[in-house]
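Heads up: the structure comes next, in structure tokens.
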Amino acid sequence: MTRSGFLLPFRLFGIPVRLDVTFLILLGLLTWLIGGRVALYVDLFDLPLDPAPLAHGVTPWALGLAAALGLMVSVLAHELAHALVARRFGVTIREIRLWLLGGLAQFDAMPEHPRQELLVALAGPLMSVTLGGLFWLLAAWLGATAGAMLVVLSYLAVVNVVLAVFNMLPALPMDGGRVLRALLALRLPHVRATRIAASVSRVTALLMGLYGLATFNVLLMAIAIFVYLAGQAESQNAVMQDVLGRVALEDVMTRNVDTVGAGMPVPALLDAMIDRRHVFFPVVGVDGTVVGTVNLRSLQGAAEGATVADVMTRDVVRISMRNSAADAFEAVLRAPHQRLIVEDETGRMLGLVSTSDLLRVVQVHLTARTRNAGT
Ligand SMILES: [Zn+2]
């Protein structure tokens with residue numbers, strides 16, 4: 001998923017909301033789908049309206065757009081419910097994204113405790129059911145006085161309940177999958193709980209895909225594929241966290257790291273890269289602390305007479321040696337050049353950790369595990 005799309009000019013409870021470009025496709029698709037079925041809905045919901053004038057001119061498309069927008073606001077409220085409960089448990093919410101397959105609240109990390117994950121996962125569907133009830137009450141209260149808007153209100157009442165039920169299907173990373181995983185994790189280790197939940201997810205995704213295929217429902221097929229892949233990624237991530245969580249950062253990091261001085265001229269840096277066969281160096285200042293990093297790309301377009309200080313990347317990501325390798329894994333993916341500087345309490349560099357260091361640990365552990373299982 002890319003960071004494409006644009007941010008809304010306001011925040012909701014302090015949380016930025018991003019509209020993905022694919023969200024516009026969804027909005028158009030929904031307007032068309034709903035608008036084309038206005039007369040059908042009047043019949044289906046048994047509304048006291050004459051369907052004939054509703055199907056003429058721009059009326060169905062205006063109603064379709066109103067219902068599509070109402071659905072999007074409902075999805076946003078659903079995500080907001082997840083986000084606000086998660087925030088109560090101390091999780092940082094980066095943003096809420098609306099995209100082709102609905103909404104996504106992006107957290108920095110899921111709450112560790114299964115009971116907290118359970119509550120975060122349940123908050124969304126609970127919000128949707130509540131909204132469905134409110135729209136239903138509003139539709140019942142207004143009745144025919146709402147005019148054509150009665151179609152929209154009734155649609156939103158039904159669709160919010162459908163949304164809640166659909167999200168509670170037992171498939172990761174949907175809410176139902178998270179609820180299942182959290183319930184299992186109350187009794188089992190996290191990684192086993194995730195593995196079981198991921199297996200159930202694959203079955204759910206498969207059934208969803210088959211149903212989508214049988215009913216020519218393209219959106220459902222797309223969701224099935226997304227769920228299948230995301231379930232697999234979730235399961236791999238859990239294994240990785242499990243392995244790395246038991247490894248001390250000290251045992252993974254590269255010690256005796258070659259460094260270069262901030263005052264070194266750029267041609268000398270190139271020589272150092274060739275001589276020492278490294279293309280990445282932490283840069284140390286006069287006091288011996290790390291002030292930046294350089295790699296091959298830093299050399300591009302360097303001005304005549306430039307020094308390492310002029311071309312280095314300054315936003316170094318540091319991590320204390322007290323952290324586990326699992327903590328490092330989350331940080332390294334966001335670090336420039338995918339490397340972290342490991343420091344002691346005084347800020348002295350002890351070593352370096354790269355993504356490949358961490359992946360190697362996982363690989364070794366998994367190979368060992370398979371071998372043990374084989375014998
Ligand atoms: Zn949800």
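In the structure tokens, chains take letters A, B, ... by order of appearance, with residues numbered from 1 within each chain and ligands from 1 in the order shown.
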Output as a tab-separated table one row per residue of chain A within 10 Å of ligand 1: the closest atom pair and its distance in Å to one decimal place, counting only C-alpha atoms and all ligand atoms, sorted by chain and residue number ascending.
```
residue	atom	partner	partner_atom_place_in_ligand_line	distance
A:Val75	CA	ligand 1	1 (Zn)	8.4
A:Leu76	CA	ligand 1	1 (Zn)	9.8
A:Ala77	CA	ligand 1	1 (Zn)	9.8
A:His78	CA	ligand 1	1 (Zn)	6.1
A:Glu79	CA	ligand 1	1 (Zn)	5.9
A:Leu80	CA	ligand 1	1 (Zn)	9.2
A:Ala81	CA	ligand 1	1 (Zn)	8.4
A:His82	CA	ligand 1	1 (Zn)	6.7
A:Ala83	CA	ligand 1	1 (Zn)	9.7
A:Gly102	CA	ligand 1	1 (Zn)	9.6
A:Gly103	CA	ligand 1	1 (Zn)	7.9
A:Leu104	CA	ligand 1	1 (Zn)	7.7
A:Ala105	CA	ligand 1	1 (Zn)	8.4
A:Val120	CA	ligand 1	1 (Zn)	8.8
A:Ala121	CA	ligand 1	1 (Zn)	6.4
A:Leu122	CA	ligand 1	1 (Zn)	7.6
A:Ala123	CA	ligand 1	1 (Zn)	7.6
A:Gly124	CA	ligand 1	1 (Zn)	4.5
A:Pro125	CA	ligand 1	1 (Zn)	6.0
A:Leu126	CA	ligand 1	1 (Zn)	9.2
A:Met127	CA	ligand 1	1 (Zn)	9.2
A:Ser128	CA	ligand 1	1 (Zn)	8.9
A:Leu163	CA	ligand 1	1 (Zn)	8.8
A:Ala164	CA	ligand 1	1 (Zn)	7.9
A:Phe166	CA	ligand 1	1 (Zn)	9.5
A:Asn167	CA	ligand 1	1 (Zn)	6.0
A:Met168	CA	ligand 1	1 (Zn)	8.2
A:Pro173	CA	ligand 1	1 (Zn)	9.0
A:Met174	CA	ligand 1	1 (Zn)	6.3
A:Asp175	CA	ligand 1	1 (Zn)	5.0
A:Gly176	CA	ligand 1	1 (Zn)	8.4
A:Arg178	CA	ligand 1	1 (Zn)	9.4
```
Spatial neighbours of stretch 93-98 of chain A, 7 Å, only C-alpha atoms, chain gap at least 6 places, as an MDAnalysis selection string: chainID A and resid 15:20 23 83 87 104:108
Polymer residues at most 8 Å from stretch 68-73 of chain A, only C-alpha atoms, same-chain spacing of 6 or more positions, as a short mmCIF file (atom, residue, chain, number, x, y, z; two decimals) with C-alpha atoms, in the first residue's frame:
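Writing done, so here's around_1.cif:
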```cif
data_model
loop_
_atom_site.label_atom_id
_atom_site.label_comp_id
_atom_site.auth_asym_id
_atom_site.auth_seq_id
_atom_site.Cartn_x
_atom_site.Cartn_y
_atom_site.Cartn_z
CA LEU A 27 -17.01 6.11 -4.23
CA LEU A 30 -20.85 2.60 -4.90
CA THR A 31 -22.74 5.57 -6.35
CA ILE A 34 -26.64 2.05 -5.24
CA GLY A 102 -12.82 0.50 2.90
CA LEU A 156 -27.36 3.04 5.78
CA VAL A 159 -25.39 -1.60 5.36
CA ASN A 160 -23.88 -0.72 8.75
#
```
With DSSP run on the backbone, what are the helix (DSSP H, G or I) residues within stretch 112-274 of chain A? I'd like them as a ChimeraX atom specification. /A:114-146,149-167,175-185,190-214,218-245,249-252,266-274
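Atom CA of A:Ile223 is found 12.1 Å from atom CA of A:Ser201.
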Give me, as CSV, each residue of stretch 146-191 of chain A that comes within 10 Å of stretch 38-45 of chain A, together with its shortest interatomic pair and the distance in Å at one decimal, counting only C-alpha atoms, with rows ordered by chain and rising residue number.
```
residue,atom,partner,partner_atom,distance
A:Ala148,CA,A:Val38,CA,9.5
A:Leu150,CA,A:Val42,CA,8.9
A:Val151,CA,A:Val42,CA,6.5
A:Val152,CA,A:Val38,CA,9.0
A:Ser154,CA,A:Phe45,CA,7.1
A:Tyr155,CA,A:Tyr41,CA,7.6
A:Val158,CA,A:Phe45,CA,9.1
```
At a cut-off of 6 Å, using only C-alpha atoms, what residues contact stretch 317-320 of chain A? Leave out same-chain residues fewer than 2 positions from it and give the result as a list of chain:residue names. A:Arg322, A:Asn323, A:Ala335, A:Leu340, A:Ile341, A:Val342, A:Glu343, A:Asp344
Rounded to one decimal in Å, what is the spacing between atom CA of A:Arg276 and atom CA of A:Thr259?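 Interatomic distance here is 10.5 Å.
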Which residues are close to A:Thr346, i.e. within 12 Å by only C-alpha atoms, leaving aside same-chain residues fewer than 5 positions away? Reply as JSON, numbers by chain. {"A": [288, 289, 320, 321]}
So that I have them on file, write out the residues from the current selection with N, CA and C atoms, as a PDB file, in the first residue's frame.
```
ATOM      1  N   GLY A 288      33.502  11.864  19.085  1.00  0.00           N
ATOM      2  CA  GLY A 288      33.432  10.409  18.983  1.00  0.00           C
ATOM      3  C   GLY A 288      32.026   9.849  18.874  1.00  0.00           C
ATOM      4  N   THR A 289      30.984  10.695  18.977  1.00  0.00           N
ATOM      5  CA  THR A 289      29.616  10.177  18.833  1.00  0.00           C
ATOM      6  C   THR A 289      29.203  10.179  17.363  1.00  0.00           C
ATOM      7  N   SER A 320      18.796   1.639  22.014  1.00  0.00           N
ATOM      8  CA  SER A 320      19.576   1.261  23.190  1.00  0.00           C
ATOM      9  C   SER A 320      19.854  -0.233  23.164  1.00  0.00           C
ATOM     10  N   MET A 321      21.027  -0.626  23.663  1.00  0.00           N
ATOM     11  CA  MET A 321      21.408  -2.044  23.675  1.00  0.00           C
ATOM     12  C   MET A 321      20.481  -2.886  24.543  1.00  0.00           C
TER      13      MET A 321
END
```
